[in-house]
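Source file: start10.pdb. Holds: PDB, C-alpha atoms.
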```pdb
ATOM      1  CA  VAL J 135     -44.302   2.344  41.333
ATOM      2  CA  VAL J 136     -43.272  -1.318  41.349
ATOM      3  CA  TYR J 137     -44.741  -3.803  43.837
ATOM      4  CA  PHE J 138     -42.926  -7.065  44.499
ATOM      5  CA  CYS J 139     -45.434  -9.750  45.500
ATOM      6  CA  GLY J 140     -44.819 -13.118  47.086
ATOM      7  CA  ALA J 141     -42.035 -14.059  49.477
ATOM      8  CA  LEU J 142     -39.104 -11.665  49.671
ATOM      9  CA  SER J 143     -35.497 -12.461  50.428
ATOM     10  CA  ALA J 144     -33.961 -10.714  53.455
ATOM     11  CA  GLY J 145     -33.298  -7.052  52.802
ATOM     12  CA  ALA J 146     -35.320  -6.910  49.579
ATOM     13  CA  PRO J 147     -37.768  -4.026  49.074
ATOM     14  CA  ARG J 148     -41.531  -4.572  48.776
ATOM     15  CA  PHE J 149     -42.067  -1.372  46.724
ATOM     16  CA  LYS J 150     -39.889   0.744  44.446
ATOM     17  CA  VAL J 151     -40.927   4.296  43.606
ATOM     18  CA  SER J 152     -39.366   6.495  40.945
ATOM     19  CA  VAL J 153     -40.491   9.992  39.947
ATOM     20  CA  GLU J 154     -38.295  12.016  37.642
ATOM     21  CA  ASP J 155     -38.709  15.290  35.773
ATOM     22  CA  GLN J 156     -37.517  14.859  32.201
ATOM     23  CA  GLY J 157     -36.487  18.539  32.135
ATOM     24  CA  ASP J 158     -38.771  19.439  29.221
ATOM     25  CA  SER J 159     -41.013  21.879  31.071
ATOM     26  CA  PRO J 160     -40.050  23.209  34.496
ATOM     27  CA  VAL J 161     -42.803  24.150  36.942
ATOM     28  CA  LYS J 162     -42.909  27.891  37.631
ATOM     29  CA  PHE J 163     -44.933  29.728  40.263
ATOM     30  CA  LEU J 164     -44.518  33.049  42.119
ATOM     31  CA  GLY J 165     -41.232  33.781  40.336
ATOM     32  CA  VAL J 166     -39.694  30.428  41.304
ATOM     33  CA  GLU J 167     -38.862  27.702  38.780
ATOM     34  CA  VAL J 168     -38.450  24.055  39.836
ATOM     35  CA  SER J 169     -36.739  21.643  37.426
ATOM     36  CA  ASN J 170     -34.734  18.422  37.444
ATOM     37  CA  PHE J 171     -36.948  17.045  40.212
ATOM     38  CA  ASN J 172     -36.217  13.437  41.115
ATOM     39  CA  LEU J 173     -37.455  11.074  43.798
ATOM     40  CA  PHE J 174     -36.273   7.501  44.135
ATOM     41  CA  GLY J 175     -37.205   5.257  47.005
ATOM     42  CA  ASP J 176     -37.622   1.724  48.247
ATOM     43  CA  ALA J 177     -40.000   0.487  50.946
ATOM     44  CA  TYR J 178     -38.742  -2.384  53.089
ATOM     45  CA  PRO J 179     -41.077  -4.477  55.253
ATOM     46  CA  ASP J 180     -40.115  -4.996  58.885
ATOM     47  CA  VAL J 181     -41.341  -8.502  59.684
ATOM     48  CA  ALA J 182     -41.191  -7.921  63.444
ATOM     49  CA  THR J 183     -43.354  -4.755  63.489
ATOM     50  CA  GLY J 184     -45.299  -5.038  60.236
ATOM     51  CA  LYS J 185     -44.294  -1.452  59.365
ATOM     52  CA  MET J 186     -42.460  -0.243  56.267
ATOM     53  CA  ALA J 187     -39.036   1.398  56.368
ATOM     54  CA  LEU J 188     -38.073   3.824  53.597
ATOM     55  CA  ALA J 189     -34.774   4.458  51.861
ATOM     56  CA  GLY J 190     -34.239   6.815  48.957
ATOM     57  CA  ALA J 191     -33.233  10.195  47.637
ATOM     58  CA  VAL J 192     -34.896  13.397  46.491
ATOM     59  CA  GLY J 193     -33.433  16.334  44.600
ATOM     60  CA  ALA J 194     -34.293  19.375  42.492
ATOM     61  CA  THR J 195     -32.966  22.555  40.936
ATOM     62  CA  ILE J 196     -34.710  25.765  41.990
ATOM     63  CA  LYS J 197     -34.222  29.147  40.297
ATOM     64  CA  ALA J 198     -35.642  32.535  41.253
ATOM     65  CA  ASP J 199     -36.370  35.582  39.096
ATOM     66  CA  PHE J 200     -33.935  37.714  41.136
ATOM     67  CA  GLY J 201     -30.909  35.739  39.865
ATOM     68  CA  GLY J 202     -30.607  33.266  42.713
ATOM     69  CA  GLY J 203     -30.895  29.527  42.593
ATOM     70  CA  THR J 204     -30.208  26.338  44.460
ATOM     71  CA  GLU J 205     -29.602  22.655  43.860
ATOM     72  CA  LEU J 206     -30.742  20.279  46.587
ATOM     73  CA  GLN J 207     -30.019  16.588  47.141
ATOM     74  CA  PHE J 208     -31.157  14.602  50.169
ATOM     75  CA  ALA J 209     -30.722  10.855  50.783
ATOM     76  CA  PHE J 210     -32.240   8.950  53.686
ATOM     77  CA  ASP J 211     -32.728   5.474  55.148
ATOM     78  CA  THR J 212     -35.238   5.056  57.981
ATOM     79  CA  ARG J 213     -33.997   1.510  58.645
ATOM     80  CA  ASP J 214     -30.915   2.874  60.400
ATOM     81  CA  GLY J 215     -31.835   6.572  60.683
ATOM     82  CA  SER J 216     -29.053   7.680  58.335
ATOM     83  CA  TRP J 217     -29.151  10.630  55.947
ATOM     84  CA  GLY J 218     -26.941  12.762  53.741
ATOM     85  CA  ALA J 219     -27.572  16.174  52.206
ATOM     86  CA  ALA J 220     -25.949  18.618  49.816
ATOM     87  CA  VAL J 221     -27.121  22.140  49.000
ATOM     88  CA  THR J 222     -25.664  24.582  46.496
ATOM     89  CA  LEU J 223     -26.876  28.196  46.582
ATOM     90  CA  SER J 224     -25.984  30.560  43.765
ATOM     91  CA  TYR J 225     -26.579  34.173  42.791
ATOM     92  CA  SER J 226     -25.663  35.991  39.611
ATOM     93  CA  SER J 227     -26.065  39.615  38.538
ATOM     94  CA  ALA J 228     -24.229  42.117  36.345
ATOM     95  CA  SER J 229     -21.704  42.817  39.097
ATOM     96  CA  VAL J 230     -21.751  39.767  41.430
ATOM     97  CA  ASP J 231     -21.422  36.019  40.955
ATOM     98  CA  ALA J 232     -21.527  33.935  44.126
ATOM     99  CA  GLU J 233     -21.910  30.264  45.052
ATOM    100  CA  ILE J 234     -22.009  28.401  48.362
ATOM    101  CA  LEU J 235     -21.963  24.609  48.775
ATOM    102  CA  PHE J 236     -22.676  22.730  51.999
ATOM    103  CA  ALA J 237     -22.701  18.933  52.482
ATOM    104  CA  SER J 238     -23.236  16.840  55.589
ATOM    105  CA  ALA J 239     -24.390  13.409  56.742
ATOM    106  CA  SER J 240     -25.728  11.740  59.862
ATOM    107  CA  SER J 241     -22.651   9.569  60.317
ATOM    108  CA  CYS J 242     -18.945  10.324  60.560
ATOM    109  CA  MET J 243     -17.531  10.317  57.046
ATOM    110  CA  ALA J 244     -13.919  10.544  55.877
ATOM    111  CA  ARG J 245     -14.559  13.821  54.031
ATOM    112  CA  GLY J 246     -16.352  15.298  57.060
ATOM    113  CA  THR J 247     -18.970  18.024  57.065
ATOM    114  CA  MET J 248     -17.790  20.469  54.450
ATOM    115  CA  GLY J 249     -18.620  23.805  52.974
ATOM    116  CA  ARG J 250     -17.130  26.032  50.332
ATOM    117  CA  GLY J 251     -17.970  29.250  48.624
ATOM    118  CA  SER J 252     -16.789  31.635  45.976
ATOM    119  CA  VAL J 253     -17.567  35.201  45.003
ATOM    120  CA  SER J 254     -16.555  37.333  42.042
ATOM    121  CA  LEU J 255     -17.208  41.079  42.157
ATOM    122  CA  LYS J 256     -16.933  43.308  39.126
ATOM    123  CA  LEU J 257     -15.412  46.647  40.165
ATOM    124  CA  GLY J 258     -15.346  49.921  38.226
ATOM    125  CA  GLY J 259     -16.344  50.358  34.592
ATOM    126  CA  ASP J 260     -19.125  52.421  33.076
ATOM    127  CA  GLU J 261     -22.779  52.217  34.090
ATOM    128  CA  ASP J 262     -24.902  50.730  31.320
ATOM    129  CA  GLY J 263     -28.037  52.588  32.347
ATOM    130  CA  ALA J 264     -29.731  49.462  33.680
ATOM    131  CA  GLY J 265     -27.875  49.461  36.977
ATOM    132  CA  GLY J 266     -25.324  46.873  35.862
ATOM    133  CA  LEU J 267     -21.792  47.162  34.537
ATOM    134  CA  ARG J 268     -20.744  46.690  30.903
ATOM    135  CA  GLY J 269     -17.289  45.667  31.956
ATOM    136  CA  ASP J 270     -15.457  48.461  30.070
ATOM    137  CA  GLY J 271     -12.300  48.913  32.121
ATOM    138  CA  ALA J 272     -13.773  46.877  34.971
ATOM    139  CA  SER J 273     -11.621  44.886  37.367
ATOM    140  CA  ARG J 274     -12.647  41.730  39.204
ATOM    141  CA  LEU J 275     -12.158  40.823  42.823
ATOM    142  CA  ASN J 276     -12.368  37.047  43.355
ATOM    143  CA  GLY J 277     -12.486  35.183  46.633
ATOM    144  CA  THR J 278     -12.967  31.632  47.852
ATOM    145  CA  ILE J 279     -13.451  30.032  51.231
ATOM    146  CA  SER J 280     -13.658  26.392  52.252
ATOM    147  CA  GLY J 281     -13.852  24.487  55.469
ATOM    148  CA  VAL J 282     -14.336  21.038  56.891
ATOM    149  CA  LYS J 283     -15.200  19.635  60.308
ATOM    150  CA  ARG J 284     -13.952  16.072  60.760
ATOM    151  CA  CYS J 285     -14.916  13.530  63.380
ATOM    152  CA  GLY J 286     -13.687  10.269  64.850
ATOM    153  CA  GLU J 287     -10.443   8.767  63.552
ATOM    154  CA  HIS J 288     -10.326  11.266  60.674
ATOM    155  CA  ALA J 289     -10.146  14.166  63.147
ATOM    156  CA  LYS J 290      -7.265  12.472  65.007
ATOM    157  CA  LEU J 291      -5.282  11.971  61.806
ATOM    158  CA  HIS J 292      -5.986  15.255  59.984
ATOM    159  CA  GLY J 293      -7.260  17.661  62.660
ATOM    160  CA  LYS J 294     -10.850  18.413  63.605
ATOM    161  CA  TYR J 295     -11.156  21.685  61.644
ATOM    162  CA  GLU J 296      -9.623  23.004  58.446
ATOM    163  CA  PHE J 297     -10.311  26.425  56.888
ATOM    164  CA  ASN J 298      -8.897  28.004  53.740
ATOM    165  CA  ALA J 299      -9.536  31.409  52.208
ATOM    166  CA  THR J 300      -8.119  33.187  49.143
ATOM    167  CA  VAL J 301      -8.630  36.634  47.639
TER     168      VAL J 301
END
```
Could you rewrite the structure in this file as structure tokens?
Amino acid sequence: VVYFCGALSAGAPRFKVSVEDQGDSPVKFLGVEVSNFNLFGDAYPDVATGKMALAGAVGATIKADFGGGTELQFAFDTRDGSWGAAVTLSYSSASVDAEILFASASSCMARGTMGRGSVSLKLGGDEDGAGGLRGDGASRLNGTISGVKRCGEHAKLHGKYEFNATV
């Protein structure tokens, strides 16, 4: 935490906060592991109200014992009420690999609100006795999907919705 004392120039923060996991030892509880945690923020004084406004970002990687995991990032600014977020969910097993990404923001952005996903299924092959597949003679079925919802001028130029899928 850093505190800036004395007179501040317009738009300068009064406090800066930074918390970051160095990645050496993730926190694990109830089969869930949290790593790469980060929190960065600034506190801005509002001279008119005497209150503090906050702007910053928080993120982490979360993994579960069942093969799933997620990466989260969230940015915010209470001065103007804006925010942005991105979430990636993933799952991996002997026969399935899947990932879904979703990103959005409070304001109309050129890239729009977007999502995408992919899946890879291992088909056939011999059972390895543990419920998974060794891959001997196995085939793979791969698929992807993506989509975007645009707004404002971007929607007029490129269309409001766009979806793509492949198998």
Which polymer residues, protein or nucleic acid, are no farther than 10 Å from (-31.3, 8.6, 48.1), counting only C-alpha atoms, as a PyMOL selection string? chain J and resi 172-176+188-193+207-211+217-219
On this structure, the PyMOL selection byres ((chain J and resi 199) around 10) would catch which residues? List them as a count of residues only, sorted by chain and number. 10
### Message
Rounded to one decimal, what separation in Å do you get between atom CA of J:Ser227 and atom CA of J:Leu257?
### Response
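That distance, rounded to one decimal, is 12.9 Å.
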Show me the residues close to (-8.4, 18.0, 55.8) - anything with an atom within 8 Å, counting all atoms listed in the file - and format the list as a JSON list (two decimals) with C-alpha atoms, in the frame of the given file.
```
[["chain", "number", "residue", "atom", "x", "y", "z"],
["J", 245, "ARG", "CA", -14.56, 13.82, 54.03],
["J", 282, "VAL", "CA", -14.34, 21.04, 56.89],
["J", 284, "ARG", "CA", -13.95, 16.07, 60.76],
["J", 292, "HIS", "CA", -5.99, 15.26, 59.98],
["J", 293, "GLY", "CA", -7.26, 17.66, 62.66],
["J", 295, "TYR", "CA", -11.16, 21.68, 61.64],
["J", 296, "GLU", "CA", -9.62, 23.00, 58.45]]
```
Explicit residue set for the PyMOL selection byres ((chain J and resi 230) around 6), as JSON, numbers by chain: {"J": [226, 227, 229, 231, 254, 255]}
Of J:Gly258, J:Gly251, J:Pro179, J:Gly246, the one nearest to J:Arg213 when counting all atoms listed in the file is J:Pro179
- Query: Do you know which residues the PyMOL selection byres ((chain J and resi 277) around 6) returns on this file, as a VMD selection string?
  - Reply: chain J and resid 252 to 253 276 278 300 to 301
What separates atom CA of J:Gly249 and atom CA of J:Gly286 is a distance of 18.7 Å
Pick out the residues sitting within 9 Å of J:Ser240, and hand them over as a count of residues only; count only C-alpha atoms, and ignore anything fewer than 2 positions along from it in its own chain.
-> 7
Would you mind telling me which residue in J:Phe138, J:Ile234, J:Ala228, J:Ser241 lies nearest to J:Asp214 when using all atoms listed in the file?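 Looking at the shortest contact to J:Asp214, the residue is J:Ser241.
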